[in-house]
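Chemist: Hey, dropping structure07.cif in here, mmCIF, C-alpha atoms:
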data_entry
#
loop_
_atom_site.label_atom_id
_atom_site.label_comp_id
_atom_site.auth_asym_id
_atom_site.auth_seq_id
_atom_site.Cartn_x
_atom_site.Cartn_y
_atom_site.Cartn_z
CA MET S 2 4.36 -45.17 -27.52
CA GLY S 3 4.63 -42.24 -29.93
CA GLY S 4 3.68 -38.68 -29.04
CA PHE S 5 0.23 -38.96 -30.60
CA GLY S 6 -0.32 -42.38 -29.02
CA ARG S 7 0.46 -40.91 -25.60
CA TYR S 8 -1.88 -38.03 -26.38
CA LEU S 9 -4.74 -40.42 -27.19
CA ALA S 10 -4.13 -42.31 -23.94
CA ALA S 11 -4.15 -39.04 -21.97
CA ALA S 12 -7.27 -37.78 -23.76
CA LEU S 13 -9.13 -41.05 -23.19
CA ALA S 14 -8.20 -41.13 -19.49
CA ALA S 15 -9.22 -37.49 -18.98
CA ARG S 16 -12.48 -37.80 -20.88
CA PHE S 17 -13.30 -41.07 -19.13
CA ALA S 18 -13.17 -39.14 -15.85
CA SER S 19 -15.21 -36.29 -17.29
CA GLU S 20 -17.91 -38.50 -18.82
CA GLY S 21 -18.32 -40.50 -15.63
CA MET S 22 -18.88 -37.52 -13.37
CA ALA S 23 -22.59 -37.00 -14.14
CA MET S 24 -23.56 -40.48 -13.01
CA ALA S 25 -21.03 -40.67 -10.17
CA VAL S 26 -22.14 -37.40 -8.57
CA VAL S 27 -25.82 -38.33 -8.61
CA LEU S 28 -25.24 -41.88 -7.33
CA LEU S 29 -22.94 -40.71 -4.54
CA ALA S 30 -25.35 -37.97 -3.45
CA LEU S 31 -28.23 -40.45 -3.43
CA GLU S 32 -26.19 -42.93 -1.40
CA ARG S 33 -25.00 -40.48 1.26
CA THR S 34 -27.90 -38.04 1.51
CA GLY S 35 -30.87 -39.84 -0.02
CA SER S 36 -31.39 -36.84 -2.32
CA ALA S 37 -30.78 -36.99 -6.07
CA ALA S 38 -31.59 -33.25 -6.14
CA TYR S 39 -28.45 -32.56 -4.11
CA GLY S 40 -26.44 -34.42 -6.74
CA ALA S 41 -28.12 -32.37 -9.47
CA PHE S 42 -27.08 -29.13 -7.74
CA VAL S 43 -23.48 -30.33 -7.45
CA LEU S 44 -23.50 -31.43 -11.10
CA THR S 45 -24.83 -28.01 -12.13
CA ALA S 46 -21.99 -26.35 -10.20
CA TRP S 47 -19.59 -28.69 -12.02
CA LEU S 48 -20.92 -27.87 -15.51
CA ALA S 49 -21.84 -24.20 -15.16
CA PRO S 50 -18.28 -22.75 -15.25
CA HIS S 51 -17.48 -24.29 -18.65
CA VAL S 52 -18.63 -21.43 -20.85
CA LEU S 53 -17.19 -18.76 -18.53
CA ALA S 54 -13.89 -20.56 -17.98
CA ALA S 55 -13.40 -21.43 -21.67
CA PRO S 56 -12.07 -18.04 -22.89
CA LEU S 57 -9.98 -17.62 -19.75
CA ALA S 58 -8.47 -21.10 -20.11
CA GLY S 59 -7.79 -20.61 -23.81
CA ALA S 60 -6.15 -17.23 -23.34
CA ALA S 61 -4.07 -18.47 -20.41
CA ALA S 62 -2.89 -21.49 -22.41
CA ALA S 63 -1.87 -19.25 -25.32
CA ARG S 64 0.08 -16.91 -22.99
CA ALA S 65 1.68 -19.60 -20.83
CA ARG S 66 5.46 -19.44 -20.89
CA ARG S 67 5.53 -23.14 -19.96
CA PRO S 68 2.56 -24.77 -21.75
CA ARG S 69 3.44 -28.21 -20.37
CA LEU S 70 3.07 -26.93 -16.81
CA PHE S 71 -0.22 -25.23 -17.64
CA HIS S 72 -1.85 -28.25 -19.29
CA VAL S 73 -0.61 -30.70 -16.69
CA GLY S 74 -1.66 -28.33 -13.91
CA ALA S 75 -5.19 -28.09 -15.33
CA LEU S 76 -5.49 -31.87 -15.52
CA ALA S 77 -4.06 -32.26 -12.03
CA GLY S 78 -6.54 -29.68 -10.70
CA PHE S 79 -9.36 -31.61 -12.36
CA ALA S 80 -8.15 -34.85 -10.72
CA ALA S 81 -7.83 -33.17 -7.33
CA ALA S 82 -11.38 -31.80 -7.53
CA VAL S 83 -12.83 -35.21 -8.47
CA THR S 84 -10.98 -36.86 -5.58
CA ALA S 85 -12.04 -34.13 -3.15
CA LEU S 86 -15.69 -34.53 -4.13
CA ALA S 87 -15.40 -38.29 -3.53
CA VAL S 88 -14.45 -37.46 0.07
CA LEU S 89 -16.53 -34.33 0.76
CA LEU S 90 -19.85 -34.87 -1.03
CA GLY S 91 -22.55 -35.57 1.54
CA ARG S 92 -20.14 -35.05 4.45
CA ALA S 93 -18.89 -31.48 4.23
CA PRO S 94 -20.95 -28.25 4.26
CA VAL S 95 -22.80 -27.70 1.00
CA PRO S 96 -21.06 -24.37 0.14
CA LEU S 97 -17.67 -26.07 0.37
CA VAL S 98 -18.79 -28.95 -1.86
CA LEU S 99 -20.22 -26.54 -4.43
CA ALA S 100 -17.03 -24.45 -4.37
CA VAL S 101 -14.93 -27.54 -5.09
CA ALA S 102 -17.29 -28.48 -7.91
CA VAL S 103 -16.99 -25.01 -9.45
CA LEU S 104 -13.19 -25.14 -9.27
CA GLY S 105 -13.09 -28.60 -10.83
CA GLY S 106 -15.56 -27.61 -13.53
CA SER S 107 -13.41 -24.61 -14.39
CA CYS S 108 -10.73 -27.05 -15.55
CA GLY S 109 -13.26 -28.75 -17.82
CA PRO S 110 -12.53 -26.73 -21.00
CA MET S 111 -8.94 -27.99 -20.94
CA ILE S 112 -10.21 -31.59 -20.85
CA THR S 113 -12.23 -31.05 -24.01
CA GLY S 114 -11.14 -28.32 -26.40
CA GLY S 115 -7.87 -27.60 -24.63
CA LEU S 116 -6.55 -31.10 -25.20
CA SER S 117 -7.82 -31.23 -28.79
CA SER S 118 -5.91 -28.04 -29.59
CA LEU S 119 -2.65 -29.95 -29.00
CA VAL S 120 -3.18 -32.23 -32.01
CA THR S 121 -1.90 -29.62 -34.47
CA GLY S 122 1.48 -29.68 -32.72
CA LEU S 123 1.65 -33.49 -32.72
CA VAL S 124 0.60 -34.40 -36.27
CA PRO S 125 1.72 -32.63 -39.47
CA ALA S 126 -0.95 -30.90 -41.55
CA GLY S 127 -2.70 -32.96 -44.20
CA ALA S 128 -4.75 -36.14 -44.38
CA GLY S 129 -2.84 -37.59 -41.43
CA ARG S 130 -4.00 -34.77 -39.19
CA ASP S 131 -7.58 -35.16 -40.40
CA ARG S 132 -7.42 -38.85 -39.42
CA ALA S 133 -5.87 -37.86 -36.11
CA TYR S 134 -8.92 -35.74 -35.33
CA GLY S 135 -11.04 -38.80 -36.09
CA TRP S 136 -9.13 -40.73 -33.43
CA ASP S 137 -9.38 -37.78 -31.04
CA ALA S 138 -13.15 -37.65 -31.51
CA SER S 139 -13.34 -41.39 -30.84
CA THR S 140 -11.94 -40.83 -27.33
CA TYR S 141 -15.09 -38.87 -26.45
CA ASN S 142 -17.32 -41.64 -27.77
CA ALA S 143 -15.29 -44.41 -26.13
CA ALA S 144 -15.42 -42.57 -22.81
CA GLY S 145 -19.15 -42.02 -23.25
CA VAL S 146 -19.66 -45.78 -23.63
CA THR S 147 -17.33 -47.04 -20.91
CA ALA S 148 -17.40 -44.42 -18.14
CA PRO S 149 -21.08 -44.71 -17.07
CA ALA S 150 -20.82 -48.51 -17.17
CA ALA S 151 -17.65 -48.46 -15.07
CA VAL S 152 -19.20 -46.09 -12.51
CA SER S 153 -22.31 -48.25 -12.23
CA LEU S 154 -20.23 -51.41 -11.81
CA ALA S 155 -17.91 -49.85 -9.21
CA THR S 156 -20.89 -48.52 -7.26
CA ALA S 157 -22.54 -51.95 -7.30
CA LEU S 158 -19.34 -53.71 -6.16
CA TRP S 159 -18.24 -51.16 -3.58
CA SER S 160 -20.02 -47.81 -3.20
CA GLY S 161 -20.26 -44.36 -4.76
CA GLY S 162 -17.09 -43.05 -3.08
CA PRO S 163 -14.73 -45.65 -4.61
CA ALA S 164 -16.54 -45.26 -7.95
CA MET S 165 -15.72 -41.55 -8.00
CA ALA S 166 -12.20 -42.29 -6.79
CA VAL S 167 -11.72 -44.42 -9.92
CA LEU S 168 -12.49 -41.32 -11.97
CA GLY S 169 -9.96 -39.34 -9.92
CA VAL S 170 -7.26 -41.94 -10.62
CA SER S 171 -8.08 -41.82 -14.32
CA ALA S 172 -7.74 -38.01 -14.35
CA ALA S 173 -4.42 -38.25 -12.48
CA LEU S 174 -3.19 -40.75 -15.08
CA ALA S 175 -4.13 -38.26 -17.78
CA ALA S 176 -2.05 -35.58 -16.06
CA ALA S 177 0.94 -37.93 -15.83
CA LEU S 178 0.68 -38.83 -19.52
CA ALA S 179 0.25 -35.18 -20.53
CA ALA S 180 3.55 -34.40 -18.80
CA THR S 181 5.34 -36.63 -21.35
CA LEU S 182 3.94 -34.91 -24.45
CA PRO S 183 5.90 -32.47 -26.64
CA TYR S 184 4.49 -28.94 -26.56
CA GLU S 185 4.84 -26.09 -29.01
CA ASP S 186 6.27 -22.81 -27.80
CA PRO S 187 3.21 -20.50 -27.87
CA ARG S 188 5.52 -17.58 -28.67
CA ALA S 189 6.99 -19.30 -31.75
CA GLY S 190 6.08 -17.51 -34.95
CA ARG S 191 4.79 -14.41 -33.16
CA THR S 192 6.01 -11.18 -34.70
CA ALA S 193 8.25 -9.25 -32.35
CA GLY S 194 6.31 -6.52 -30.61
CA ALA S 195 2.95 -7.79 -31.89
CA PRO S 196 0.12 -7.51 -29.37
CA ARG S 197 -0.99 -10.75 -27.76
CA ALA S 198 -4.50 -11.97 -28.34
CA GLY S 199 -6.81 -10.90 -25.53
CA LEU S 200 -9.74 -12.62 -23.88
CA GLY S 201 -12.18 -11.48 -26.57
CA ALA S 202 -10.01 -12.55 -29.51
CA GLY S 203 -11.26 -16.13 -29.60
CA LEU S 204 -14.89 -15.03 -29.53
CA ALA S 205 -14.16 -12.47 -32.25
CA ALA S 206 -12.62 -15.19 -34.42
CA LEU S 207 -15.61 -17.46 -33.89
CA TRP S 208 -17.87 -14.68 -35.13
CA ARG S 209 -15.73 -13.20 -37.91
CA VAL S 210 -14.41 -16.35 -39.63
CA ARG S 211 -17.34 -17.70 -41.61
CA GLU S 212 -16.47 -21.40 -41.27
CA LEU S 213 -15.98 -21.11 -37.51
CA ARG S 214 -19.19 -19.11 -37.11
CA ALA S 215 -21.19 -21.68 -39.08
CA VAL S 216 -19.97 -24.79 -37.27
CA THR S 217 -20.15 -23.16 -33.82
CA ALA S 218 -23.71 -21.92 -34.32
CA ALA S 219 -24.88 -25.25 -35.74
CA THR S 220 -23.28 -27.50 -33.13
CA THR S 221 -24.33 -25.27 -30.24
CA LEU S 222 -27.95 -25.45 -31.39
CA ALA S 223 -27.68 -29.21 -31.95
CA PHE S 224 -26.39 -29.75 -28.42
CA VAL S 225 -29.49 -28.17 -26.93
CA GLY S 226 -31.23 -31.26 -28.28
CA ILE S 227 -28.47 -33.74 -27.42
CA GLY S 228 -28.44 -32.46 -23.83
CA SER S 229 -32.07 -33.47 -23.44
CA LEU S 230 -31.68 -36.87 -25.09
CA THR S 231 -30.83 -38.89 -21.97
CA THR S 232 -33.94 -37.83 -20.04
CA THR S 233 -36.08 -38.26 -23.14
CA ALA S 234 -34.68 -41.77 -23.69
CA VAL S 235 -35.71 -42.75 -20.16
CA LEU S 236 -39.22 -41.38 -20.71
CA LEU S 237 -39.47 -43.05 -24.12
CA ALA S 238 -38.42 -46.43 -22.72
CA ALA S 239 -40.96 -46.10 -19.93
CA GLY S 240 -43.66 -45.37 -22.49
CA LEU S 241 -42.71 -48.56 -24.33
CA GLY S 242 -43.17 -50.58 -21.15
CA SER S 243 -39.48 -50.92 -20.19
CA PRO S 244 -38.64 -48.18 -17.67
CA GLY S 245 -35.10 -49.46 -17.18
CA ALA S 246 -34.22 -49.49 -20.88
CA GLY S 247 -33.35 -45.80 -21.13
CA GLY S 248 -29.72 -46.70 -20.48
CA VAL S 249 -29.88 -49.27 -23.28
CA LEU S 250 -31.03 -46.61 -25.73
CA MET S 251 -28.24 -44.21 -24.74
CA THR S 252 -25.66 -46.99 -24.86
CA ALA S 253 -26.83 -47.82 -28.37
CA PHE S 254 -26.44 -44.15 -29.33
CA ALA S 255 -22.94 -44.00 -27.79
CA VAL S 256 -21.79 -47.24 -29.44
CA GLY S 257 -23.12 -46.02 -32.77
CA ALA S 258 -21.30 -42.70 -32.32
CA LEU S 259 -18.05 -44.53 -31.59
CA GLY S 260 -18.47 -46.59 -34.74
CA GLY S 261 -19.35 -43.49 -36.76
CA SER S 262 -16.31 -41.58 -35.58
CA LEU S 263 -13.98 -44.48 -36.43
CA THR S 264 -15.48 -45.02 -39.90
CA LEU S 265 -17.39 -42.09 -41.39
CA GLY S 266 -15.37 -39.63 -39.30
CA ARG S 267 -12.20 -40.71 -41.12
CA MET S 268 -13.56 -39.79 -44.56
CA THR S 269 -10.94 -37.15 -45.31
CA SER S 270 -12.07 -36.96 -48.94
CA VAL S 271 -15.32 -35.27 -47.89
CA GLU S 272 -15.22 -31.55 -47.12
CA PRO S 273 -15.78 -31.24 -43.35
CA GLY S 274 -18.53 -28.62 -43.64
CA ARG S 275 -20.54 -30.96 -45.85
CA LEU S 276 -19.95 -33.80 -43.37
CA VAL S 277 -21.28 -31.57 -40.57
CA ARG S 278 -24.54 -31.04 -42.46
CA TRP S 279 -24.89 -34.73 -43.32
CA ALA S 280 -24.23 -35.72 -39.71
CA LEU S 281 -26.81 -33.33 -38.30
CA ALA S 282 -29.46 -34.21 -40.88
CA GLY S 283 -28.89 -37.96 -40.53
CA THR S 284 -29.10 -37.78 -36.73
CA GLY S 285 -32.34 -35.82 -36.97
CA VAL S 286 -33.97 -38.23 -39.41
CA ALA S 287 -33.00 -41.31 -37.37
CA LEU S 288 -34.28 -39.81 -34.10
CA ALA S 289 -37.51 -38.73 -35.77
CA ALA S 290 -38.07 -42.31 -36.91
CA ALA S 291 -37.25 -43.61 -33.41
CA ALA S 292 -40.06 -41.50 -31.95
CA PHE S 293 -42.71 -43.70 -33.61
CA THR S 294 -41.39 -47.24 -33.18
CA PRO S 295 -43.42 -49.92 -31.36
CA SER S 296 -40.64 -51.66 -29.39
CA VAL S 297 -37.45 -50.98 -27.44
CA ALA S 298 -35.43 -53.19 -29.80
CA VAL S 299 -36.36 -51.19 -32.90
CA THR S 300 -35.93 -47.91 -31.02
CA ALA S 301 -32.45 -48.98 -29.87
CA ALA S 302 -31.51 -49.85 -33.45
CA LEU S 303 -32.56 -46.40 -34.63
CA PHE S 304 -30.71 -44.76 -31.73
CA ALA S 305 -27.62 -46.65 -32.90
CA VAL S 306 -28.15 -45.34 -36.44
CA ALA S 307 -28.53 -41.82 -35.03
CA GLY S 308 -25.25 -42.34 -33.17
CA VAL S 309 -23.47 -43.48 -36.34
CA CYS S 310 -24.65 -40.29 -38.05
CA ASP S 311 -23.59 -38.17 -35.06
CA GLY S 312 -20.13 -39.77 -34.88
CA PRO S 313 -18.49 -37.75 -37.70
CA LEU S 314 -19.83 -34.45 -36.33
CA LEU S 315 -17.11 -33.93 -33.74
CA THR S 316 -14.34 -35.03 -36.10
CA SER S 317 -15.51 -32.55 -38.73
CA THR S 318 -15.86 -29.80 -36.13
CA LEU S 319 -12.29 -30.33 -34.93
CA ARG S 320 -10.99 -30.29 -38.50
CA ILE S 321 -12.75 -26.99 -39.21
CA ARG S 322 -11.43 -25.38 -36.04
CA ALA S 323 -7.87 -26.49 -36.79
CA ALA S 324 -8.02 -25.31 -40.40
CA HIS S 325 -9.60 -21.91 -39.84
CA ALA S 326 -8.69 -20.76 -36.32
CA PRO S 327 -6.07 -18.00 -36.32
CA GLU S 328 -2.89 -19.41 -34.80
CA GLU S 329 -2.74 -16.93 -31.91
CA VAL S 330 -6.25 -17.82 -30.70
CA ARG S 331 -6.39 -21.49 -31.67
CA THR S 332 -6.68 -22.78 -28.10
CA GLN S 333 -9.33 -20.16 -27.30
CA VAL S 334 -11.36 -21.27 -30.32
CA PHE S 335 -11.20 -24.92 -29.21
CA THR S 336 -12.06 -24.23 -25.58
CA LEU S 337 -14.81 -21.74 -26.41
CA GLY S 338 -16.43 -24.09 -28.89
CA ALA S 339 -16.44 -26.90 -26.35
CA GLY S 340 -17.70 -24.64 -23.57
CA LEU S 341 -20.60 -23.39 -25.65
CA LYS S 342 -21.65 -26.95 -26.46
CA VAL S 343 -21.54 -28.03 -22.80
CA THR S 344 -23.61 -25.01 -21.83
CA ALA S 345 -26.09 -25.73 -24.61
CA ALA S 346 -26.40 -29.33 -23.43
CA SER S 347 -27.05 -28.14 -19.88
CA THR S 348 -29.75 -25.82 -21.21
CA GLY S 349 -31.35 -28.70 -23.08
CA ALA S 350 -31.36 -30.87 -19.96
CA ALA S 351 -33.11 -28.09 -18.04
CA LEU S 352 -35.67 -27.50 -20.79
CA VAL S 353 -36.70 -31.14 -20.98
CA GLY S 354 -37.14 -31.09 -17.21
CA PHE S 355 -39.79 -28.41 -17.59
CA ALA S 356 -41.46 -30.36 -20.42
CA ALA S 357 -41.21 -33.82 -18.84
CA ASP S 358 -45.01 -34.18 -18.70
CA ALA S 359 -45.28 -34.03 -22.49
CA PRO S 360 -45.47 -37.33 -24.45
CA ALA S 361 -42.00 -38.82 -24.95
CA TRP S 362 -42.49 -39.20 -28.71
CA MET S 363 -43.19 -35.50 -28.91
CA LEU S 364 -40.01 -34.65 -26.99
CA LEU S 365 -37.92 -36.90 -29.24
CA THR S 366 -39.51 -35.39 -32.33
CA GLY S 367 -38.55 -31.97 -30.97
CA ILE S 368 -34.94 -33.11 -30.50
CA ALA S 369 -34.91 -34.44 -34.05
CA GLY S 370 -36.26 -31.12 -35.29
CA VAL S 371 -33.48 -29.27 -33.49
CA GLN S 372 -30.87 -31.41 -35.30
CA LEU S 373 -32.48 -30.67 -38.67
CA ALA S 374 -32.69 -26.98 -37.79
CA ALA S 375 -28.99 -27.05 -36.91
CA ALA S 376 -28.19 -28.55 -40.32
CA LEU S 377 -30.18 -25.79 -42.00
CA LEU S 378 -28.48 -23.16 -39.84
CA HIS S 379 -25.09 -24.44 -40.99
CA VAL S 380 -26.18 -24.23 -44.62
CA LEU S 381 -27.32 -20.64 -44.19
CA THR S 382 -24.36 -19.40 -42.16
CA ALA S 383 -21.73 -21.19 -44.26
CA ARG S 384 -22.89 -19.55 -47.49
CA ARG S 385 -20.25 -17.39 -49.02
CA GLY S 386 -20.97 -13.69 -48.91
CA PRO S 387 -19.07 -10.47 -48.40
CA VAL S 388 -16.12 -11.19 -46.13
CA PRO S 389 -15.83 -8.74 -43.24
CA PRO S 390 -12.67 -6.65 -43.48
CA PRO S 391 -9.81 -7.89 -41.31
CA VAL S 392 -9.41 -6.21 -37.98
CA VAL S 393 -6.30 -4.07 -38.02
CA ALA S 394 -4.49 -3.99 -34.70
CA THR S 395 -3.88 -0.42 -33.58
CA GLY S 396 -1.79 0.04 -30.51
CA ARG S 397 -2.31 -2.72 -27.96
CA THR S 398 -5.96 -3.54 -28.48
CA GLU S 399 -6.39 -7.05 -27.12
CA GLY S 400 -10.09 -7.70 -27.57
CA SER S 401 -10.10 -8.74 -31.23
CA ALA S 402 -8.72 -11.40 -33.52
CA THR S 403 -6.02 -10.09 -35.81
CA ALA S 404 -5.94 -12.73 -38.54
CA PRO S 405 -8.07 -12.40 -41.68
CA ALA S 406 -10.83 -14.87 -42.45
CA GLY S 407 -10.24 -17.83 -44.71
CA ARG S 408 -8.48 -21.17 -44.71
CA ARG S 409 -5.31 -21.26 -42.62
CA THR S 410 -2.53 -23.68 -41.96
CA PRO S 411 -2.45 -24.15 -38.17
#
Translate this file's structure into structure tokens.

Modeler:
Amino acid sequence: MGGFGRYLAAALAARFASEGMAMAVVLLALERTGSAAYGAFVLTAWLAPHVLAAPLAGAAAARARRPRLFHVGALAGFAAAVTALAVLLGRAPVPLVLAVAVLGGSCGPMITGGLSSLVTGLVPAGAGRDRAYGWDASTYNAAGVTAPAAVSLATALWSGGPAMAVLGVSAALAAALAATLPYEDPRAGRTAGAPRAGLGAGLAALWRVRELRAVTAATTLAFVGIGSLTTTAVLLAAGLGSPGAGGVLMTAFAVGALGGSLTLGRMTSVEPGRLVRWALAGTGVALAAAAFTPSVAVTAALFAVAGVCDGPLLTSTLRIRAAHAPEEVRTQVFTLGAGLKVTAASTGAALVGFAADAPAWMLLTGIAGVQLAAALLHVLTARRGPVPPPVVATGRTEGSATAPAGRRTP
């Protein structure tokens, strides 16, 4: 298996474990304590560190003298935390369980953006790399389809503990595969004596480089809506007379997204910024139509269409980050972008909890509106205007990006 093939296998195994955690935690907590709320608290502790850990993880990866050891260590820590939760949840004191969840969640940015940042070192620049990002994006969608189903099946056959242990094994497999990958020397190409990028450099690049600012703002806003989609789907299905069909709707969305990433996401002839806007607008229109359908079957079909439209979004986002992120903060840009989206999704899930008494069609219309607003936000923020002057490094200032805005070869 080639280097990129091994990468895809590692990414799929890691993201399978990550995608399955939400369901596994809740099911295991319900089984051992009878309280889904306990599972929700543990899941919150698992997700909350993402946005805080993202800049730290990105900066540490960029400074690591042995990047292989750092990446494999992060994946191994993730696997250890999943396995520990399988043993401790519902049995050990709550503070200990929450502490393990926080530690495991802190490795999360390396499962998402951290892994994706490796693609530039595995595939040469050009159309081949653009297609590679399409395959990378498909690992998220494939994991989103298979992981919840696998957790549900394992729980039904055995119990919640073995189901979570399956996720731990998958994460450990990802760590083993990551150990076989080639890694770039993070110090290669760095000018002798040049200051290293600090913790704020990635955030500065996200703000200062127009293309990065536009896609980060748009996708973060969009994920406020996507984070509330699962709960809304359950409420919508219940309103249509099929309370158990919420999972069917989300599966349709995930399958559509997988198909979209493997087809539309590989359209390298389309400028990625334009594809971002099309993806957001198409998702919004399809979800708006789904809010007013009379049956679960038609709603599921429209959720699948929304997924197809959403599929190219991640591919295009990864392409933009790779093309425009300054080399010295590339990993920070990837991990920060992913962390912001996870945090936005968590915010959306909390917001829909407060609004759960509203009609489901109204909630889904709101989610659709958020997607359309995100498309408009991208249009507005991506417009060309005066380019901010490049930040000139003076002394050893480490809180700013040092590369000028504009298209870059990673």

Chemist: Can you work out the spacing between CA of Gly6 (chain S) and CA of Leu314 (chain S) in Å, to one decimal?

Modeler: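 Calculated distance between CA of Gly6 (chain S) and CA of Leu314 (chain S) is 22.3 Å.
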
Chemist: Once the PyMOL selection byres ((chain S and resi 215) around 12) is applied to the coordinates I shared, what remains selected? I want it as a VMD selection string.

Modeler: chain S and resid 206 to 214 216 to 222 273 to 275 277 to 278 318 321 to 322 325 338 375 to 385

Chemist: Taking the file as I've supplied it (selection: the PyMOL selection byres ((chain S and resi 40) around 9)), which residues are included? Please answer as a list of chain:residue names.

Modeler: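 In the shown coordinates, the PyMOL selection byres ((chain S and resi 40) around 9) covers S:Ala23, S:Ala25, S:Val26, S:Val27, S:Leu28, S:Leu29, S:Ala30, S:Leu31, S:Ser36, S:Ala37, S:Ala38, S:Tyr39, S:Ala41, S:Phe42, S:Val43, S:Leu44, S:Thr45, S:Leu90.
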
Chemist: Assuming the chain letters and numbering stay as they are in my file, what does the PyMOL selection byres ((chain S and resi 333-336) around 9) actually select? List them as an MDAnalysis selection string.

Modeler: chainID S and resid 51:52 54:63 110:118 200 202:204 206:207 213 319 322:323 326:327 329:332 337:341

Chemist: Looking at all atoms listed in the file, which of S:Val297, S:Val306, S:Leu70, S:Leu265 is the one that sits closest to Leu250 (chain S)?

Modeler: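 The answer is S:Val297, which sits nearest to Leu250 (chain S).
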